[in-house]
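Trainee: This is the structure, below, for whatever I ask next.
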Amino acid sequence: MIKGKTKSGFNYAISQERMENYEMIEVLNELDENPMKLPKVINLLLGNDGAKRLKDHVRTDDGIVPSKVMMNEIQEIFESHKQTKN
């Protein structure tokens, strides 16, 4: 289980199985060419409930979920995992 907290304060707990999910690796490989795959990455990584919690966490006062902020949060989670893995 990988647990942590992003700089913005989002708490996450991700099972090792989710981190090693081959389907997520496939989608991550396509993400650079197709940013529209980001929602699938988020759902595969955090699950539906976790994805909803993250969206609610980054939602602006106007009700907007900024895609760049979502990407930054996911990137921070992956980078944090990479650092703890080494």
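Chain labels follow the order of the structure tokens: the first chain is A, the next B, and so on; residue numbering restarts at 1 in every chain, and ligands are counted from 1 in their shown order.
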DSSP on the backbone, then: every residue of stretch 11-74 of chain A marked strand (DSSP E), written as an MDAnalysis selection string.

Mentor: chainID A and resid 11:14

Trainee: Could you give me, as a PyMOL selection string, each residue of chain A that DSSP assigns to helix (DSSP H, G or I) when run on this structure's backbone?

Mentor: chain A and resi 16-19+22-31+35-58+67-85

Trainee: May I have the residues within 10 Å of A:Pro35 as a PDB file with all heavy atoms, in the first residue's frame, using only C-alpha atoms and disregarding those fewer than 5 positions away in the same chain?

Mentor:
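Result saved to selection_21.pdb:
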ATOM      1  N   LEU A  28      -0.874   5.086 -19.608  1.00  0.00           N
ATOM      2  CA  LEU A  28       0.188   6.069 -19.348  1.00  0.00           C
ATOM      3  C   LEU A  28       1.071   6.254 -20.583  1.00  0.00           C
ATOM      4  O   LEU A  28       1.495   7.366 -20.888  1.00  0.00           O
ATOM      5  CB  LEU A  28       1.055   5.632 -18.165  1.00  0.00           C
ATOM      6  CG  LEU A  28       0.485   5.873 -16.784  1.00  0.00           C
ATOM      7  CD1 LEU A  28       1.334   5.164 -15.732  1.00  0.00           C
ATOM      8  CD2 LEU A  28       0.367   7.349 -16.489  1.00  0.00           C
ATOM      9  N   GLU A  30       0.145   6.129 -23.585  1.00  0.00           N
ATOM     10  CA  GLU A  30      -0.606   6.894 -24.582  1.00  0.00           C
ATOM     11  C   GLU A  30      -0.865   8.342 -24.150  1.00  0.00           C
ATOM     12  O   GLU A  30      -1.271   9.164 -24.956  1.00  0.00           O
ATOM     13  CB  GLU A  30      -1.954   6.214 -24.845  1.00  0.00           C
ATOM     14  CG  GLU A  30      -1.834   4.803 -25.369  1.00  0.00           C
ATOM     15  CD  GLU A  30      -3.167   4.070 -25.384  1.00  0.00           C
ATOM     16  OE1 GLU A  30      -4.218   4.706 -25.128  1.00  0.00           O
ATOM     17  OE2 GLU A  30      -3.156   2.858 -25.636  1.00  0.00           O
ATOM     18  N   SER A  67      -7.875  20.816 -15.327  1.00  0.00           N
ATOM     19  CA  SER A  67      -7.156  19.627 -15.791  1.00  0.00           C
ATOM     20  C   SER A  67      -5.666  19.700 -15.464  1.00  0.00           C
ATOM     21  O   SER A  67      -5.057  18.687 -15.115  1.00  0.00           O
ATOM     22  CB  SER A  67      -7.366  19.417 -17.292  1.00  0.00           C
ATOM     23  OG  SER A  67      -6.913  20.537 -18.020  1.00  0.00           O
ATOM     24  N   MET A  71      -3.544  16.935 -13.367  1.00  0.00           N
ATOM     25  CA  MET A  71      -2.321  16.330 -13.894  1.00  0.00           C
ATOM     26  C   MET A  71      -1.169  16.519 -12.910  1.00  0.00           C
ATOM     27  O   MET A  71      -0.396  15.591 -12.666  1.00  0.00           O
ATOM     28  CB  MET A  71      -1.971  16.936 -15.250  1.00  0.00           C
ATOM     29  CG  MET A  71      -0.712  16.367 -15.855  1.00  0.00           C
ATOM     30  SD  MET A  71      -0.828  14.605 -16.125  1.00  0.00           S
ATOM     31  CE  MET A  71      -0.711  14.558 -17.880  1.00  0.00           C
TER      32      MET A  71
END

Trainee: Find the residues around A:Glu73 up to 10 Å (only C-alpha atoms counted), leave out those fewer than 2 positions away in its own chain, and share them as a PyMOL selection string.

Mentor: chain A and resi 5-10+42+54+58+67-71+75-79

Trainee: I need the residues from that last selection saved to file as a PDB file, in the first residue's frame (with N, CA and C atoms), if you can.

Mentor:
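Result file follows (again-v6.pdb):
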ATOM      1  N   LYS A   5       0.477  12.211   0.952  1.00  0.00           N
ATOM      2  CA  LYS A   5      -0.297  13.444   0.927  1.00  0.00           C
ATOM      3  C   LYS A   5       0.406  14.382  -0.044  1.00  0.00           C
ATOM      4  N   THR A   6      -0.351  14.933  -0.996  1.00  0.00           N
ATOM      5  CA  THR A   6       0.236  15.870  -1.945  1.00  0.00           C
ATOM      6  C   THR A   6       0.449  17.220  -1.262  1.00  0.00           C
ATOM      7  N   LYS A   7       1.216  18.083  -1.909  1.00  0.00           N
ATOM      8  CA  LYS A   7       1.486  19.408  -1.349  1.00  0.00           C
ATOM      9  C   LYS A   7       0.213  20.207  -1.124  1.00  0.00           C
ATOM     10  N   SER A   8      -0.806  19.928  -1.934  1.00  0.00           N
ATOM     11  CA  SER A   8      -2.065  20.658  -1.787  1.00  0.00           C
ATOM     12  C   SER A   8      -2.943  20.092  -0.668  1.00  0.00           C
ATOM     13  N   GLY A   9      -2.521  18.926  -0.110  1.00  0.00           N
ATOM     14  CA  GLY A   9      -3.257  18.360   1.011  1.00  0.00           C
ATOM     15  C   GLY A   9      -4.139  17.174   0.669  1.00  0.00           C
ATOM     16  N   PHE A  10      -4.034  16.629  -0.535  1.00  0.00           N
ATOM     17  CA  PHE A  10      -4.843  15.462  -0.917  1.00  0.00           C
ATOM     18  C   PHE A  10      -4.200  14.206  -0.343  1.00  0.00           C
ATOM     19  N   ILE A  42      -6.417   8.346 -13.980  1.00  0.00           N
ATOM     20  CA  ILE A  42      -6.833   8.695 -12.618  1.00  0.00           C
ATOM     21  C   ILE A  42      -7.749   7.622 -12.036  1.00  0.00           C
ATOM     22  N   LEU A  54     -10.424  13.319  -5.407  1.00  0.00           N
ATOM     23  CA  LEU A  54      -9.417  14.224  -5.958  1.00  0.00           C
ATOM     24  C   LEU A  54     -10.073  15.371  -6.712  1.00  0.00           C
ATOM     25  N   VAL A  58      -9.664  19.456  -5.745  1.00  0.00           N
ATOM     26  CA  VAL A  58      -9.072  20.519  -6.578  1.00  0.00           C
ATOM     27  C   VAL A  58     -10.124  21.460  -7.171  1.00  0.00           C
ATOM     28  N   SER A  67      -7.875  20.816 -15.327  1.00  0.00           N
ATOM     29  CA  SER A  67      -7.156  19.627 -15.791  1.00  0.00           C
ATOM     30  C   SER A  67      -5.666  19.700 -15.464  1.00  0.00           C
ATOM     31  N   LYS A  68      -5.090  20.884 -15.543  1.00  0.00           N
ATOM     32  CA  LYS A  68      -3.662  21.025 -15.238  1.00  0.00           C
ATOM     33  C   LYS A  68      -3.386  20.683 -13.771  1.00  0.00           C
ATOM     34  N   VAL A  69      -4.271  21.096 -12.890  1.00  0.00           N
ATOM     35  CA  VAL A  69      -4.108  20.801 -11.467  1.00  0.00           C
ATOM     36  C   VAL A  69      -4.240  19.294 -11.237  1.00  0.00           C
ATOM     37  N   MET A  70      -5.201  18.670 -11.904  1.00  0.00           N
ATOM     38  CA  MET A  70      -5.367  17.214 -11.789  1.00  0.00           C
ATOM     39  C   MET A  70      -4.089  16.512 -12.241  1.00  0.00           C
ATOM     40  N   MET A  71      -3.544  16.935 -13.367  1.00  0.00           N
ATOM     41  CA  MET A  71      -2.321  16.330 -13.894  1.00  0.00           C
ATOM     42  C   MET A  71      -1.169  16.519 -12.910  1.00  0.00           C
ATOM     43  N   GLN A  75       0.929  13.564 -11.146  1.00  0.00           N
ATOM     44  CA  GLN A  75       2.379  13.553 -11.347  1.00  0.00           C
ATOM     45  C   GLN A  75       3.102  13.542  -9.994  1.00  0.00           C
ATOM     46  N   GLU A  76       2.614  14.321  -9.061  1.00  0.00           N
ATOM     47  CA  GLU A  76       3.228  14.362  -7.728  1.00  0.00           C
ATOM     48  C   GLU A  76       3.117  13.005  -7.037  1.00  0.00           C
ATOM     49  N   ILE A  77       1.985  12.335  -7.193  1.00  0.00           N
ATOM     50  CA  ILE A  77       1.810  11.008  -6.595  1.00  0.00           C
ATOM     51  C   ILE A  77       2.828  10.036  -7.182  1.00  0.00           C
ATOM     52  N   PHE A  78       2.966  10.030  -8.511  1.00  0.00           N
ATOM     53  CA  PHE A  78       3.929   9.134  -9.145  1.00  0.00           C
ATOM     54  C   PHE A  78       5.362   9.476  -8.726  1.00  0.00           C
ATOM     55  N   GLU A  79       5.705  10.746  -8.686  1.00  0.00           N
ATOM     56  CA  GLU A  79       7.060  11.143  -8.299  1.00  0.00           C
ATOM     57  C   GLU A  79       7.351  10.776  -6.849  1.00  0.00           C
TER      58      GLU A  79
END

Trainee: Kindly provide the residues of stretch 30-86 of chain A that approach stretch 21-25 of chain A to within 10 Å, each paired with its closest atom pair and their distance in Å to one decimal, based on only C-alpha atoms, listed by chain and increasing number, as CSV.

Mentor:
residue,atom,partner,partner_atom,distance
A:Glu30,CA,A:Ile25,CA,8.8
A:Leu31,CA,A:Ile25,CA,9.9
A:Lys40,CA,A:Met24,CA,8.0
A:Val41,CA,A:Met24,CA,6.0
A:Ile42,CA,A:Met24,CA,9.0
A:Asn43,CA,A:Met24,CA,9.2
A:Leu44,CA,A:Met24,CA,6.0
A:Leu45,CA,A:Met24,CA,7.2

Trainee: How would the residues just picked look written out with N, CA, C and O atoms as a short mmCIF file (atom, residue, chain, number, x, y, z; two decimals), in the first residue's frame?

Mentor:
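Below is the file part-v7.cif, written as the result:
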data_model
loop_
_atom_site.label_atom_id
_atom_site.label_comp_id
_atom_site.auth_asym_id
_atom_site.auth_seq_id
_atom_site.Cartn_x
_atom_site.Cartn_y
_atom_site.Cartn_z
N GLU A 30 0.14 6.13 -23.58
CA GLU A 30 -0.61 6.89 -24.58
C GLU A 30 -0.87 8.34 -24.15
O GLU A 30 -1.27 9.16 -24.96
N LEU A 31 -0.61 8.64 -22.89
CA LEU A 31 -0.99 9.94 -22.32
C LEU A 31 -0.28 11.12 -22.99
O LEU A 31 -0.90 12.16 -23.21
N LYS A 40 -8.85 8.28 -17.48
CA LYS A 40 -8.71 6.83 -17.33
C LYS A 40 -7.55 6.50 -16.40
O LYS A 40 -7.65 5.61 -15.57
N VAL A 41 -6.44 7.23 -16.55
CA VAL A 41 -5.28 7.02 -15.65
C VAL A 41 -5.70 7.26 -14.20
O VAL A 41 -5.40 6.46 -13.32
N ILE A 42 -6.42 8.35 -13.98
CA ILE A 42 -6.83 8.70 -12.62
C ILE A 42 -7.75 7.62 -12.04
O ILE A 42 -7.57 7.20 -10.89
N ASN A 43 -8.70 7.15 -12.83
CA ASN A 43 -9.61 6.11 -12.35
C ASN A 43 -8.89 4.80 -12.09
O ASN A 43 -9.17 4.11 -11.10
N LEU A 44 -7.95 4.43 -12.97
CA LEU A 44 -7.20 3.20 -12.76
C LEU A 44 -6.30 3.30 -11.54
O LEU A 44 -6.11 2.32 -10.81
N LEU A 45 -5.74 4.47 -11.30
CA LEU A 45 -4.83 4.66 -10.17
C LEU A 45 -5.56 4.77 -8.85
O LEU A 45 -5.21 4.10 -7.88
#

Trainee: Can you measure atom CA of A:Lys82 to atom CA of A:Asp32 for me? One decimal in Å is fine.

Mentor: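 Going from atom CA of A:Lys82 over to atom CA of A:Asp32, I get 19.0 Å.
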
Trainee: For a test of reading the model, state the distance in Å between atom CA of A:Gly47 and atom CA of A:Glu26, rounded to one decimal.

Mentor: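 Computing the Euclidean distance for atom CA of A:Gly47 and atom CA of A:Glu26 yields 16.6 Å.
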